[in-house]
Amino acid sequence: MKKLVLLDIDDTLVDQSGAERIASQQFGRRFQSEILDYNPGTFSERWHEITMRYYEEFLAHTITYRAQRRRRLRDIFSDPSLTDAEADRRYEVYLRYYEKAWALFPEVLQFLDSNESLRFAALSDGSQRQQEYKLEKLGIRSYFELVVTAESAGMSKPTAGFFLLACDLARSAPGGTSYIGDNLEKDAIGAMHAGLKGVWLNRDGSSEAVSVPTIRRLTDFREN
């Protein structure tokens with residue numbers, strides 16, 4: 001059987017950070033008259049900070065995926081009385097900008113097409129529906145045998161059980177499975193602690209000394 005490579009999605013296959021930055025800037029301009037202390041120079045950073053604050057609550061299973069979206073909007077607009085329906089309506093505006101800005105990193109298709117001897121699956125801390133749609137919209141869903149998400153599994157990275165669940169579903173021994181992701185601690189080291197071959201996708205060339213294999217682009221990966 002072909003060896004399995006598990007891949008992170010956001011900021012590994014898809015430039016999620018770039019899409020979030022573009023979408024938040026457009027959203028901020030759209031609603032600037034309703035956002036207290038709106039500053040076009042810092043709004044994207046504020047959006048990201050608020051996003052991560054509530055997303056961590058979702059990953060800790062203290063709130064639902066939809067609830068974290070609503071709380072983000074109430075915080076952005078400094079309006080705790082914002083109804084669920086209105087928060088959802090405004091988030092849909094952001095979502096349209098965000099989805100339009102999705103893009104693969106330049107080498108992704110080359111990497112997937114040039115490794116026919118490997119099997120691929122995706123493991124993500126995101127929402128099942130959104131991550132499946134993201135891969136479909138960008139034309140690469142067919143490369144992946146399965147997509148396992150924190151929402152569907154009830155676990156998130158770097159929990160060892162999350163990596164092991166993906167291996168089990170794909171019927172691949174952890175020791176013979178590689179995992180590639182852009183986050184050193186949650187992806188590469190988390191996978192290594194679960195018994196997989198963790199690989200850090202270090203796109204920006206950080207000089208941090210690490211004990212896991214490191215690549216700059218997906219096409220640098222070589223299965224041992």
# chains A, B, ... in the order shown; residues from 1 in each chain; ligands from 1
call {"tool": "closest_atom_pairs", "arguments": {"of": "stretch 73-126 of chain A", "to": "stretch 46-57 of chain A", "cutoff": "9 Å", "atoms": "only C-alpha atoms", "output": "JSON lines"}}
result
{"residue": "A:Leu73", "atom": "CA", "partner": "A:Ile50", "partner_atom": "CA", "distance": 9.0}
{"residue": "A:Asp75", "atom": "CA", "partner": "A:Ile50", "partner_atom": "CA", "distance": 7.4}
{"residue": "A:Ile76", "atom": "CA", "partner": "A:Trp47", "partner_atom": "CA", "distance": 7.2}
call {"tool": "residues_around", "arguments": {"residues": "A:Thr149", "least_positions_apart": "2", "cutoff": "6 Å", "atoms": "only C-alpha atoms", "output": "VMD selection string"}}
result
chain A and resid 123 to 126 128 151 to 152
call {"tool": "residues_around", "arguments": {"residues": "A:Glu185", "least_positions_apart": "4", "cutoff": "10 Å", "atoms": "only C-alpha atoms", "output": "short mmCIF file (atom, residue, chain, number, x, y, z; two decimals) with N, CA, C and O atoms, in the first residue's frame"}}
result
data_model
loop_
_atom_site.label_atom_id
_atom_site.label_comp_id
_atom_site.auth_asym_id
_atom_site.auth_seq_id
_atom_site.Cartn_x
_atom_site.Cartn_y
_atom_site.Cartn_z
N LYS A 157 -5.46 19.76 17.27
CA LYS A 157 -4.01 19.67 17.41
C LYS A 157 -3.55 20.52 18.60
O LYS A 157 -4.17 21.55 18.86
N PRO A 158 -2.55 20.10 19.33
CA PRO A 158 -1.65 18.97 19.09
C PRO A 158 -2.03 17.67 19.82
O PRO A 158 -1.14 16.86 20.10
N GLY A 181 2.83 20.44 8.25
CA GLY A 181 2.04 21.61 8.63
C GLY A 181 2.90 22.82 8.91
O GLY A 181 4.12 22.69 9.15
N ILE A 189 5.68 19.15 15.77
CA ILE A 189 6.04 18.53 17.04
C ILE A 189 4.87 17.72 17.59
O ILE A 189 5.05 16.63 18.14
N GLY A 190 3.64 18.22 17.39
CA GLY A 190 2.47 17.46 17.82
C GLY A 190 2.39 16.12 17.13
O GLY A 190 2.12 15.09 17.76
N ALA A 191 2.65 16.10 15.82
CA ALA A 191 2.63 14.85 15.06
C ALA A 191 3.74 13.91 15.53
O ALA A 191 3.52 12.70 15.69
N MET A 192 4.91 14.46 15.77
CA MET A 192 6.03 13.65 16.23
C MET A 192 5.72 12.99 17.57
O MET A 192 5.99 11.80 17.78
N TRP A 200 7.91 20.22 9.49
CA TRP A 200 7.54 21.63 9.63
C TRP A 200 7.71 22.35 8.31
O TRP A 200 8.80 22.38 7.74
#
call {"tool": "atom_distance", "arguments": {"atom1": "atom CA of A:Leu13", "atom2": "atom CA of A:Val108"}}
result
6.2 Å
call {"tool": "residues_around", "arguments": {"residues": "A:Ala87", "least_positions_apart": "2", "cutoff": "10 Å", "atoms": "only C-alpha atoms", "output": "list of chain:residue names"}}
result
A:Ala67, A:Arg69, A:Arg70, A:Arg71, A:Arg72, A:Leu73, A:Arg74, A:Phe77, A:Ser81, A:Leu82, A:Thr83, A:Asp84, A:Ala85, A:Arg89, A:Arg90, A:Tyr91, A:Glu92
call {"tool": "write_last_selection", "arguments": {"atoms": "N, CA, C and O atoms", "output": "compact mmCIF listing (two decimals), in the first residue's frame"}}
result
# COMPACT_ATOMS: atom_id res chain seq x y z
N ALA A 67 -21.14 29.71 17.33
CA ALA A 67 -21.12 30.64 18.46
C ALA A 67 -19.86 31.49 18.46
O ALA A 67 -19.90 32.69 18.77
N ARG A 69 -18.21 32.48 15.89
CA ARG A 69 -18.37 33.51 14.87
C ARG A 69 -19.21 34.68 15.41
O ARG A 69 -18.87 35.85 15.21
N ARG A 70 -20.29 34.36 16.09
CA ARG A 70 -21.18 35.40 16.61
C ARG A 70 -20.48 36.24 17.67
O ARG A 70 -20.63 37.47 17.69
N ARG A 71 -19.72 35.61 18.53
CA ARG A 71 -19.01 36.36 19.56
C ARG A 71 -17.96 37.28 18.96
O ARG A 71 -17.72 38.40 19.45
N ARG A 72 -17.32 36.82 17.89
CA ARG A 72 -16.35 37.68 17.21
C ARG A 72 -17.01 38.95 16.70
O ARG A 72 -16.47 40.05 16.85
N LEU A 73 -18.18 38.81 16.09
CA LEU A 73 -18.86 39.99 15.54
C LEU A 73 -19.32 40.93 16.64
O LEU A 73 -19.23 42.16 16.50
N ARG A 74 -19.81 40.39 17.76
CA ARG A 74 -20.23 41.26 18.87
C ARG A 74 -19.05 42.04 19.41
O ARG A 74 -19.19 43.21 19.80
N PHE A 77 -17.95 44.84 16.78
CA PHE A 77 -18.85 45.98 16.77
C PHE A 77 -19.09 46.56 18.17
O PHE A 77 -19.89 47.48 18.31
N SER A 81 -25.32 43.21 22.49
CA SER A 81 -26.75 42.96 22.25
C SER A 81 -27.03 42.57 20.79
O SER A 81 -28.19 42.33 20.44
N LEU A 82 -26.00 42.49 19.97
CA LEU A 82 -26.19 42.10 18.57
C LEU A 82 -26.84 40.73 18.52
O LEU A 82 -26.35 39.76 19.09
N THR A 83 -27.97 40.62 17.83
CA THR A 83 -28.71 39.36 17.80
C THR A 83 -27.95 38.31 16.98
O THR A 83 -27.11 38.64 16.16
N ASP A 84 -28.30 37.05 17.22
CA ASP A 84 -27.69 35.98 16.46
C ASP A 84 -27.92 36.18 14.96
O ASP A 84 -27.01 36.01 14.14
N ALA A 85 -29.15 36.54 14.61
CA ALA A 85 -29.50 36.70 13.20
C ALA A 85 -28.68 37.82 12.55
O ALA A 85 -28.19 37.67 11.42
N ARG A 89 -25.81 37.54 9.69
CA ARG A 89 -25.92 38.29 8.44
C ARG A 89 -24.62 39.04 8.14
O ARG A 89 -24.13 39.03 7.00
N ARG A 90 -24.06 39.66 9.15
CA ARG A 90 -22.82 40.41 8.94
C ARG A 90 -21.65 39.47 8.67
O ARG A 90 -20.78 39.79 7.86
N TYR A 91 -21.65 38.33 9.33
CA TYR A 91 -20.56 37.39 9.09
C TYR A 91 -20.61 36.85 7.66
O TYR A 91 -19.56 36.60 7.06
N GLU A 92 -21.80 36.70 7.12
CA GLU A 92 -21.93 36.25 5.73
C GLU A 92 -21.27 37.23 4.77
O GLU A 92 -20.73 36.83 3.73
call {"tool": "atom_distance", "arguments": {"atom1": "atom CA of A:Ala188", "atom2": "atom CA of A:Ala23"}}
result
28.3 Å
call {"tool": "select_by_dssp", "arguments": {"residues": "stretch 21-179 of chain A", "states": "strand (DSSP E)", "output": "compact mmCIF listing (two decimals) with N, CA, C and O atoms, in the first residue's frame"}}
result
# COMPACT_ATOMS: atom_id res chain seq x y z
N LEU A 118 2.21 8.41 -3.45
CA LEU A 118 1.77 8.66 -2.08
C LEU A 118 0.25 8.76 -2.01
O LEU A 118 -0.42 9.04 -3.01
N ARG A 119 -0.29 8.55 -0.82
CA ARG A 119 -1.70 8.80 -0.53
C ARG A 119 -1.77 10.09 0.29
O ARG A 119 -0.87 10.37 1.09
N PHE A 120 -2.85 10.84 0.12
CA PHE A 120 -3.01 12.09 0.85
C PHE A 120 -4.31 12.11 1.65
O PHE A 120 -5.35 11.63 1.18
N ALA A 121 -4.23 12.70 2.83
CA ALA A 121 -5.41 13.00 3.63
C ALA A 121 -5.15 14.34 4.31
O ALA A 121 -3.99 14.76 4.45
N ALA A 122 -6.20 15.02 4.70
CA ALA A 122 -6.06 16.34 5.34
C ALA A 122 -6.51 16.27 6.79
O ALA A 122 -7.48 15.58 7.12
N LEU A 123 -5.80 16.99 7.64
CA LEU A 123 -6.13 17.07 9.06
C LEU A 123 -6.10 18.54 9.46
O LEU A 123 -5.07 19.20 9.34
N SER A 124 -7.23 19.05 9.92
CA SER A 124 -7.36 20.50 10.13
C SER A 124 -8.12 20.82 11.42
O SER A 124 -9.03 20.09 11.80
N PHE A 144 -7.52 13.98 -1.99
CA PHE A 144 -7.50 13.56 -0.59
C PHE A 144 -8.51 12.44 -0.32
O PHE A 144 -9.69 12.55 -0.64
N GLU A 145 -8.01 11.37 0.30
CA GLU A 145 -8.87 10.24 0.63
C GLU A 145 -9.91 10.64 1.67
O GLU A 145 -11.03 10.14 1.66
N LEU A 146 -9.53 11.49 2.60
CA LEU A 146 -10.45 11.95 3.63
C LEU A 146 -9.97 13.28 4.19
O LEU A 146 -8.80 13.65 4.05
N VAL A 147 -10.90 13.98 4.81
CA VAL A 147 -10.63 15.25 5.49
C VAL A 147 -11.15 15.10 6.91
O VAL A 147 -12.34 14.87 7.13
N VAL A 148 -10.26 15.21 7.88
CA VAL A 148 -10.62 15.07 9.29
C VAL A 148 -10.44 16.44 9.94
O VAL A 148 -9.38 17.07 9.81
N THR A 149 -11.47 16.93 10.63
CA THR A 149 -11.40 18.25 11.25
C THR A 149 -11.67 18.18 12.75
O THR A 149 -12.24 17.21 13.26
N SER A 178 3.57 10.42 7.41
CA SER A 178 4.15 11.76 7.57
C SER A 178 3.03 12.78 7.73
O SER A 178 1.95 12.63 7.17
N TYR A 179 3.33 13.83 8.51
CA TYR A 179 2.39 14.93 8.66
C TYR A 179 3.12 16.24 8.39
O TYR A 179 4.15 16.52 9.01
call {"tool": "residues_around", "arguments": {"residues": "stretch 32-45 of chain A", "least_positions_apart": "6", "cutoff": "6 Å", "atoms": "only C-alpha atoms", "output": "VMD selection string"}}
result
chain A and resid 21 24 to 25 77
call {"tool": "closest_residue", "arguments": {"among": "A:Ser17, A:Thr62, A:Thr12, A:Gln26", "to": "A:Asn202", "atoms": "only C-alpha atoms"}}
result
A:Thr12
call {"tool": "atom_distance", "arguments": {"atom1": "atom CA of A:Leu196", "atom2": "atom CA of A:Cys167"}}
result
9.1 Å
call {"tool": "select_by_dssp", "arguments": {"residues": "stretch 38-148 of chain A", "states": "helix (DSSP H, G or I)", "output": "MDAnalysis selection string"}}
result
chainID A and resid 43:59 65:76 84:101 108:113 128:137 141:143
call {"tool": "residues_around", "arguments": {"residues": "A:Met155", "least_positions_apart": "4", "cutoff": "10 Å", "atoms": "only C-alpha atoms", "output": "list of chain:residue names"}}
result
A:Leu59, A:Ala60, A:His61, A:Asp125, A:Thr149, A:Ala150, A:Glu151, A:Thr159, A:Ala160, A:Gly161, A:Phe162, A:Phe163, A:Leu165
call {"tool": "residues_around", "arguments": {"residues": "A:Lys2", "least_positions_apart": "4", "cutoff": "12 Å", "atoms": "only C-alpha atoms", "output": "PyMOL selection string"}}
result
chain A and resi 115-120+170-173+176-177+223
call {"tool": "write_last_selection", "arguments": {"atoms": "N, CA and C atoms", "output": "mmCIF file, in the first residue's frame"}}
result
data_model
loop_
_atom_site.group_PDB
_atom_site.id
_atom_site.type_symbol
_atom_site.label_atom_id
_atom_site.label_comp_id
_atom_site.auth_asym_id
_atom_site.auth_seq_id
_atom_site.Cartn_x
_atom_site.Cartn_y
_atom_site.Cartn_z
ATOM 1 N N ASN A 115 3.495 13.418 -6.891
ATOM 2 C CA ASN A 115 3.662 12.389 -5.862
ATOM 3 C C ASN A 115 2.567 11.330 -5.951
ATOM 4 N N GLU A 116 2.450 10.747 -7.133
ATOM 5 C CA GLU A 116 1.430 9.723 -7.352
ATOM 6 C C GLU A 116 1.703 8.455 -6.550
ATOM 7 N N SER A 117 2.912 8.317 -6.040
ATOM 8 C CA SER A 117 3.254 7.139 -5.250
ATOM 9 C C SER A 117 2.804 7.265 -3.795
ATOM 10 N N LEU A 118 2.215 8.409 -3.452
ATOM 11 C CA LEU A 118 1.769 8.658 -2.083
ATOM 12 C C LEU A 118 0.254 8.758 -2.014
ATOM 13 N N ARG A 119 -0.290 8.548 -0.820
ATOM 14 C CA ARG A 119 -1.697 8.804 -0.527
ATOM 15 C C ARG A 119 -1.765 10.088 0.291
ATOM 16 N N PHE A 120 -2.853 10.840 0.118
ATOM 17 C CA PHE A 120 -3.006 12.088 0.854
ATOM 18 C C PHE A 120 -4.313 12.114 1.647
ATOM 19 N N ALA A 170 -7.582 6.272 7.936
ATOM 20 C CA ALA A 170 -6.912 6.038 6.657
ATOM 21 C C ALA A 170 -6.209 4.681 6.612
ATOM 22 N N ARG A 171 -6.281 3.936 7.724
ATOM 23 C CA ARG A 171 -5.656 2.618 7.818
ATOM 24 C C ARG A 171 -4.165 2.685 7.492
ATOM 25 N N SER A 172 -3.526 3.586 8.217
ATOM 26 C CA SER A 172 -2.087 3.783 8.049
ATOM 27 C C SER A 172 -1.423 3.773 9.416
ATOM 28 N N ALA A 173 -0.348 3.027 9.557
ATOM 29 C CA ALA A 173 0.378 2.992 10.823
ATOM 30 C C ALA A 173 1.018 4.352 11.089
ATOM 31 N N GLY A 176 4.554 5.013 9.934
ATOM 32 C CA GLY A 176 4.781 5.080 8.499
ATOM 33 C C GLY A 176 4.064 6.236 7.838
ATOM 34 N N THR A 177 3.539 7.147 8.655
ATOM 35 C CA THR A 177 2.756 8.282 8.163
ATOM 36 C C THR A 177 3.496 9.588 8.409
ATOM 37 N N GLU A 223 9.697 11.648 0.873
ATOM 38 C CA GLU A 223 9.295 10.559 1.739
ATOM 39 C C GLU A 223 10.462 9.580 1.915
#
